[in-house]
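Q: So here's structure_39.txt, just compact mmCIF, C-alpha atoms:
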```txt
# COMPACT_ATOMS: atom_id res chain seq x y z
CA GLN A 86 6.57 -31.15 16.77
CA THR A 87 6.65 -30.05 20.41
CA LYS A 88 10.40 -29.91 20.19
CA ASP A 89 10.18 -27.66 17.12
CA PHE A 90 7.80 -25.29 18.93
CA GLY A 91 10.13 -25.23 21.91
CA GLU A 92 13.09 -24.48 19.68
CA CYS A 93 11.15 -21.68 17.99
CA ARG A 94 10.32 -20.15 21.34
CA GLN A 95 13.93 -20.39 22.48
CA ILE A 96 15.18 -18.79 19.27
CA GLN A 97 12.81 -15.84 19.70
CA GLU A 98 13.85 -15.35 23.31
CA ASP A 99 17.54 -15.61 22.35
CA VAL A 100 17.13 -13.00 19.60
CA ILE A 101 15.47 -10.53 21.97
CA LEU A 102 18.18 -11.09 24.58
CA THR A 103 20.86 -10.67 21.92
CA TYR A 104 19.48 -7.27 20.96
CA GLU A 105 19.32 -6.21 24.59
CA ASP A 106 22.82 -7.54 25.34
CA ASP A 107 24.20 -5.62 22.36
CA PHE A 108 22.95 -2.35 23.84
CA GLY A 109 25.82 -2.51 26.31
CA LYS A 110 28.29 -2.08 23.45
CA TYR A 111 27.02 1.45 22.91
CA LYS A 112 27.00 2.63 26.50
CA LYS A 113 29.26 5.56 25.60
CA ARG A 114 26.45 6.95 23.44
CA ALA A 115 23.33 5.81 25.30
CA ASN A 116 22.26 4.19 28.53
CA PRO A 117 21.70 0.45 27.82
CA ASP A 118 18.87 0.31 30.37
CA LEU A 119 17.20 3.26 28.65
CA LEU A 120 17.41 1.48 25.28
CA ARG A 121 15.87 -1.69 26.77
CA VAL A 122 13.07 0.22 28.47
CA THR A 123 12.35 2.21 25.29
CA MET A 124 12.32 -0.86 23.04
CA ARG A 125 9.92 -2.71 25.32
CA GLY A 126 7.81 0.43 25.76
CA VAL A 127 7.39 0.68 21.99
CA CYS A 128 6.25 -2.95 21.88
CA HIS A 129 3.50 -2.20 24.38
CA GLN A 130 2.19 0.77 22.34
CA ILE A 131 1.97 -0.83 18.91
CA GLY A 132 -0.81 0.82 16.88
CA GLU A 133 -0.97 3.80 19.25
CA LYS A 134 0.58 7.24 19.26
CA LEU A 135 3.73 6.98 21.36
CA THR A 136 3.46 8.43 24.83
CA PHE A 137 6.81 8.85 26.53
CA LYS A 138 5.31 8.69 30.04
CA GLN A 139 3.97 5.23 29.25
CA ILE A 140 7.43 4.13 28.13
CA SER A 141 9.03 5.27 31.38
CA SER A 142 8.55 7.88 34.07
CA ASP A 143 12.20 7.50 35.16
CA TYR A 144 13.68 9.21 32.09
CA ARG A 145 13.15 12.63 30.52
CA SER A 146 11.36 12.95 27.19
CA ALA A 147 14.59 14.11 25.54
CA GLN A 148 16.35 10.95 26.68
CA ILE A 149 13.60 8.66 25.36
CA ARG A 150 13.51 10.60 22.09
CA GLU A 151 17.26 10.04 21.64
CA ALA A 152 16.87 6.34 22.44
CA LEU A 153 14.12 6.10 19.80
CA ARG A 154 16.42 7.79 17.29
CA LEU A 155 19.15 5.22 17.94
CA LEU A 156 16.71 2.29 17.75
CA THR A 157 15.45 3.71 14.46
CA LEU A 158 18.97 4.00 13.04
CA ALA A 159 19.57 0.38 14.06
CA GLY A 160 16.43 -0.73 12.19
CA ILE A 161 14.78 -2.10 15.33
CA VAL A 162 12.04 0.52 15.31
CA THR A 163 10.38 2.23 12.34
CA PRO A 164 8.52 5.48 13.06
CA VAL A 165 5.17 6.24 11.45
CA THR A 166 4.83 10.01 11.50
CA ALA A 167 1.70 12.14 11.26
CA THR A 168 1.44 14.22 8.10
CA ALA A 169 -1.05 16.80 6.87
CA ALA A 170 -0.96 14.90 3.53
CA ASN A 171 -1.93 17.82 1.33
CA GLY A 172 0.40 16.72 -1.44
CA VAL A 173 3.85 15.53 -2.44
CA PRO A 174 6.15 15.11 -0.58
CA LEU A 175 4.41 13.82 2.53
CA ASP A 176 7.56 14.45 4.55
CA ALA A 177 7.19 18.21 4.06
CA GLU A 178 4.13 18.41 6.34
CA THR A 179 4.98 16.05 9.18
CA ASP A 180 4.45 16.58 12.89
CA GLU A 181 7.23 14.78 14.76
CA SER A 182 5.35 15.15 18.06
CA ARG A 183 2.72 12.72 16.77
CA THR A 184 4.44 9.45 16.00
CA LYS A 185 3.62 5.76 16.13
CA ALA A 186 6.23 3.03 15.83
CA LEU A 187 6.59 -0.41 14.29
CA PHE A 188 8.79 -3.12 15.77
CA LEU A 189 11.06 -4.96 13.34
CA ASP A 190 9.28 -8.34 13.43
CA PRO A 191 5.82 -9.49 14.60
CA GLY A 192 7.15 -12.78 16.01
CA LEU A 193 9.73 -10.97 18.13
CA LEU A 194 7.08 -8.45 19.19
CA LEU A 195 4.89 -11.27 20.49
CA ALA A 196 7.92 -12.72 22.29
CA VAL A 197 8.43 -9.40 24.10
CA LEU A 198 4.73 -9.46 25.01
CA LYS A 199 5.18 -13.01 26.35
CA LEU A 200 3.18 -14.56 23.49
CA ASP A 201 6.00 -16.64 22.10
CA GLY A 202 6.83 -19.94 20.41
CA TYR A 203 3.91 -21.85 18.89
CA LEU A 204 1.44 -19.32 20.32
CA SER A 205 3.09 -16.47 18.41
CA GLN A 206 2.90 -18.42 15.15
CA GLN A 207 -0.79 -19.09 15.74
CA MET A 208 -1.37 -15.42 16.50
CA ILE A 209 0.34 -14.27 13.31
CA GLU A 210 -1.67 -16.74 11.23
CA LEU A 211 -4.90 -15.52 12.84
CA ILE A 212 -3.97 -11.89 12.29
CA MET A 213 -3.32 -12.53 8.60
CA THR A 214 -6.12 -14.96 7.81
CA GLY A 215 -8.56 -15.20 10.72
CA SER A 216 -10.18 -13.28 13.55
CA PRO A 217 -8.63 -13.61 17.05
CA HIS A 218 -11.56 -12.08 18.95
CA GLU A 219 -9.90 -12.28 22.36
CA LEU A 220 -6.64 -10.61 21.30
CA VAL A 221 -7.03 -7.15 22.82
CA ASN A 222 -4.48 -5.48 20.54
CA LYS A 223 -5.29 -7.33 17.32
CA GLY A 224 -5.96 -4.03 15.53
CA GLY A 225 -2.53 -2.70 16.42
CA LEU A 226 -0.82 -5.95 15.47
CA SER A 227 -2.63 -6.06 12.13
CA GLU A 228 -1.62 -2.48 11.50
CA MET A 229 2.01 -3.27 12.29
CA VAL A 230 2.13 -6.38 10.10
CA ALA A 231 0.61 -4.36 7.25
CA GLY A 232 3.06 -1.51 7.75
CA LEU A 233 6.05 -3.84 7.68
CA GLU A 234 4.79 -5.46 4.47
CA ILE A 235 4.16 -2.08 2.82
CA MET A 236 7.66 -0.97 3.73
CA ARG A 237 9.23 -4.29 2.71
CA ASN A 238 7.89 -3.94 -0.81
CA LYS A 239 9.34 -0.48 -1.32
CA PRO A 240 12.76 0.08 -2.99
CA CYS A 241 15.56 -1.10 -0.70
CA ILE A 242 18.14 1.42 -1.90
CA GLN A 243 17.09 4.01 0.67
CA ARG A 244 15.66 4.12 4.18
CA GLN A 245 11.89 4.22 3.83
CA LYS A 246 9.52 6.41 5.81
CA LEU A 247 5.91 5.70 6.75
CA PHE A 248 3.17 8.23 7.43
CA TYR A 249 -0.34 8.38 8.86
CA TRP A 250 -3.01 11.08 9.15
CA GLU A 251 -5.26 12.11 11.99
CA LYS A 252 -7.67 14.89 12.76
CA LYS A 253 -8.97 15.74 16.19
CA GLY A 254 -12.51 16.94 16.79
CA ASN A 255 -15.48 15.52 18.66
CA SER A 256 -13.81 12.20 17.84
CA VAL A 257 -10.42 11.41 16.32
CA ALA A 258 -10.41 10.59 12.61
CA GLU A 259 -7.40 8.57 11.54
CA ILE A 260 -5.97 6.97 8.38
CA ASP A 261 -3.56 4.15 9.23
CA TYR A 262 -1.13 4.83 6.38
CA VAL A 263 -0.79 7.51 3.73
CA ASP A 264 1.44 6.83 0.74
CA ILE A 265 2.22 8.23 -2.68
CA HIS A 266 1.20 6.24 -5.76
CA ASN A 267 1.48 7.62 -9.29
CA LEU A 268 2.39 10.97 -7.69
CA LYS A 269 -0.95 11.07 -5.86
CA VAL A 270 -1.69 10.94 -2.15
CA THR A 271 -3.26 7.55 -1.42
CA PRO A 272 -4.90 6.62 1.90
CA ILE A 273 -4.54 3.00 3.12
CA GLU A 274 -6.98 1.72 5.74
CA ILE A 275 -6.12 -1.43 7.69
CA LYS A 276 -8.88 -3.61 9.17
CA SER A 277 -8.24 -6.68 11.34
CA GLY A 278 -11.45 -8.36 10.18
CA THR A 279 -13.90 -8.18 7.31
CA GLN A 280 -15.91 -5.25 8.64
CA GLY A 281 -15.28 -1.79 10.00
CA GLY A 282 -16.44 1.78 9.55
CA MET A 283 -15.02 4.03 6.84
CA LYS A 284 -15.94 7.46 8.25
CA SER A 285 -12.32 8.55 8.61
CA LEU A 286 -11.54 7.48 5.06
CA TRP A 287 -14.47 9.41 3.57
CA LEU A 288 -13.57 12.48 5.63
CA PHE A 289 -9.95 12.34 4.50
CA MET A 290 -10.82 11.85 0.84
CA ARG A 291 -13.37 14.65 1.02
CA GLU A 292 -10.92 17.11 2.58
CA LYS A 293 -8.08 16.24 0.17
CA HIS A 294 -10.32 15.93 -2.91
CA LEU A 295 -9.17 12.36 -3.58
CA THR A 296 -10.87 9.66 -5.62
CA GLU A 297 -8.66 6.58 -4.96
CA ALA A 298 -8.07 4.64 -1.74
CA ILE A 299 -7.03 1.18 -0.55
CA ARG A 300 -8.61 -1.01 2.13
CA CYS A 301 -6.53 -3.92 3.50
CA SER A 302 -8.48 -6.49 5.48
CA LEU A 303 -9.42 -10.17 5.68
CA GLU A 304 -11.72 -9.70 2.68
CA ASN A 305 -10.90 -11.16 -0.72
CA PHE A 306 -9.56 -9.07 -3.61
CA GLY A 307 -12.15 -6.64 -4.83
CA GLU A 308 -13.16 -3.03 -5.28
CA PHE A 309 -16.17 -0.83 -4.86
CA THR A 310 -17.37 2.66 -5.68
CA TYR A 311 -18.89 5.07 -3.16
CA ILE A 312 -20.97 8.10 -4.10
CA ASP A 313 -20.30 10.77 -1.49
CA GLN A 314 -23.63 12.46 -0.77
CA ALA A 315 -21.84 14.99 1.44
CA ASP A 316 -19.55 16.16 -1.36
CA GLN A 317 -21.70 16.94 -4.40
CA GLN A 318 -22.04 13.28 -5.43
CA ALA A 319 -18.27 12.86 -5.76
CA ILE A 320 -17.26 9.32 -6.72
CA ARG A 321 -14.73 7.49 -4.52
CA HIS A 322 -13.09 4.31 -5.70
CA VAL A 323 -11.73 1.84 -3.11
CA LYS A 324 -9.53 -1.12 -3.94
CA ILE A 325 -9.62 -4.07 -1.49
CA CYS A 326 -6.37 -5.96 -0.90
CA PRO A 327 -6.20 -8.92 1.54
CA LEU A 328 -3.71 -8.57 4.38
CA TYR A 329 -1.91 -11.73 3.28
CA ALA A 330 -1.35 -10.28 -0.23
CA LEU A 331 0.02 -6.82 0.55
CA LYS A 332 2.84 -7.44 -1.92
CA GLN A 333 0.24 -6.81 -4.60
CA ILE A 334 -1.11 -3.60 -3.09
CA TRP A 335 -0.07 -1.49 -6.08
CA ASP A 336 -0.79 -4.05 -8.81
```
Before we go any further, please render this structure as structure tokens.
A:
Amino acid sequence: QTKDFGECRQIQEDVILTYEDDFGKYKKRANPDLLRVTMRGVCHQIGEKLTFKQISSDYRSAQIREALRLLTLAGIVTPVTATAANGVPLDAETDESRTKALFLDPGLLLAVLKLDGYLSQQMIELIMTGSPHELVNKGGLSEMVAGLEIMRNKPCIQRQKLFYWEKKGNSVAEIDYVDIHNLKVTPIEIKSGTQGGMKSLWLFMREKHLTEAIRCSLENFGEFTYIDQADQQAIRHVKICPLYALKQIWD
């Protein structure tokens, strides 16, 4: 068993190194060191709006933006772009300056963050089915795992895009993912446990005059109805889908 864990860890490390070694093949188009720095910078900002200065202070924003574009084309990074989400299509109201990013695989992400081998497998299991209280970025990791699953269950015949919504005020209101279901804007909230506030969700649904939403968490399958006292007793319906069963999110 120890040997298997060691082999798993070595495989993850080898995969990461393979990606980084391959960057040298494209040095005519991009600086390999810039691609490495950008990829690792994305891994350290999972679940957060990307800040180029946190990725590197040695490169200009335009250079990092181009590196992100190339990593996206390669399928290593998937952007999650802010949208006003007033209707279909979501892509028509995006703000490219506000973007998060998903890494291609949670196990490889944990390897980059030096949480590899058996430890990474334990972390993923806890994220999907338990509550790793001491994992400082468990919310971001849960959000990434959910985003990858949502994207994985979309049609594979075209490159998929992911969107989120935020509104700044006295505090930032944010919806982790916004999607289209039955030609309607549908907010998807991701929770890393079984609890968590829903203020952002109610605000979003109130502003967009929506009645349907999805909450993905460690709760069991379920649903509930909320009567919005702040919006003329409007009725909001929320479907609960466990994180481990995101394949069934639209069932």
Q: What's the 8 Å shell around segment 127-140 of chain A, counting all atoms listed in the file, without same-chain residues fewer than 3 positions away, as number ranges by chain?
A: A: 122-124, 146, 149, 183-188, 194, 197-198, 224-226, 228-229
Q: Atom CA of Phe108 of chain A and atom CA of Asp143 of chain A, how far apart in Å?
A: 18.5 Å
Q: Please determine, counting only C-alpha atoms, which residue among A:Ser141, A:Ser277, A:Gln245, A:Ser302 has the shortest atom-to-atom distance to Cys326 of chain A.
A: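 The closest residue to Cys326 of chain A is A:Ser302.
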Q: Using all atoms listed in the file, which of the listed residues (A:Arg321, A:Lys113, A:Lys293, A:Arg244) sits closest to Ala159 of chain A?
A: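 That would be A:Arg244, the residue with the smallest distance to Ala159 of chain A.
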Q: Could you tell me how far atom CA of Thr271 of chain A lies from atom CA of Gly192 of chain A, in Å and to one decimal?
A: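 If I compute the distance from atom CA of Thr271 of chain A to atom CA of Gly192 of chain A, I get 28.7 Å.
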Q: Please compute the atom CA of Asn238 of chain A-atom CA of Glu304 of chain A distance, one decimal, in Å.
A: 20.7 Å
Q: Taking all atoms listed in the file into account, which of A:Glu234, A:Glu151, A:Glu292, A:Glu178 comes nearest Ile334 of chain A?
A: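 Once distances to Ile334 of chain A are computed over all atoms listed in the file, the minimum belongs to A:Glu234.
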Q: For Leu268 of chain A, which residue out of A:Gly254, A:Thr179, A:Pro174, A:Leu328 is the nearest one, using all atoms listed in the file?
A: A:Pro174
Q: Could you name the residues that touch Thr310 of chain A at 10 Å or less, counting all atoms listed in the file, but leaving out those on the same chain fewer than 3 positions away, as number ranges by chain?
A: A: 296-297, 313, 320-324
Q: Can you tell me which residues surround Leu288 of chain A at a distance of at most 12 Å, considering only C-alpha atoms, apart from same-chain residues fewer than 3 positions away, and format the answer as a PDB file with C-alpha atoms, keeping the file's coordinate frame?
A:
```pdb
ATOM      1  CA  TRP A 250      -3.010  11.080   9.150  1.00  0.00           C
ATOM      2  CA  GLU A 251      -5.260  12.110  11.990  1.00  0.00           C
ATOM      3  CA  LYS A 252      -7.670  14.890  12.760  1.00  0.00           C
ATOM      4  CA  LYS A 253      -8.970  15.740  16.190  1.00  0.00           C
ATOM      5  CA  VAL A 257     -10.420  11.410  16.320  1.00  0.00           C
ATOM      6  CA  ALA A 258     -10.410  10.590  12.610  1.00  0.00           C
ATOM      7  CA  GLU A 259      -7.400   8.570  11.540  1.00  0.00           C
ATOM      8  CA  ILE A 260      -5.970   6.970   8.380  1.00  0.00           C
ATOM      9  CA  PRO A 272      -4.900   6.620   1.900  1.00  0.00           C
ATOM     10  CA  GLY A 282     -16.440   1.780   9.550  1.00  0.00           C
ATOM     11  CA  MET A 283     -15.020   4.030   6.840  1.00  0.00           C
ATOM     12  CA  LYS A 284     -15.940   7.460   8.250  1.00  0.00           C
ATOM     13  CA  SER A 285     -12.320   8.550   8.610  1.00  0.00           C
ATOM     14  CA  ARG A 291     -13.370  14.650   1.020  1.00  0.00           C
ATOM     15  CA  GLU A 292     -10.920  17.110   2.580  1.00  0.00           C
ATOM     16  CA  LYS A 293      -8.080  16.240   0.170  1.00  0.00           C
ATOM     17  CA  HIS A 294     -10.320  15.930  -2.910  1.00  0.00           C
ATOM     18  CA  LEU A 295      -9.170  12.360  -3.580  1.00  0.00           C
ATOM     19  CA  THR A 296     -10.870   9.660  -5.620  1.00  0.00           C
ATOM     20  CA  ASP A 313     -20.300  10.770  -1.490  1.00  0.00           C
ATOM     21  CA  GLN A 314     -23.630  12.460  -0.770  1.00  0.00           C
ATOM     22  CA  ALA A 315     -21.840  14.990   1.440  1.00  0.00           C
ATOM     23  CA  ASP A 316     -19.550  16.160  -1.360  1.00  0.00           C
ATOM     24  CA  ARG A 321     -14.730   7.490  -4.520  1.00  0.00           C
TER      25      ARG A 321
END
```
Q: Nearest residue to Asp190 of chain A out of A:Arg237, A:Ile242, A:Thr166, A:Leu158, using only C-alpha atoms?
A: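 That would be A:Arg237, the residue with the smallest distance to Asp190 of chain A.
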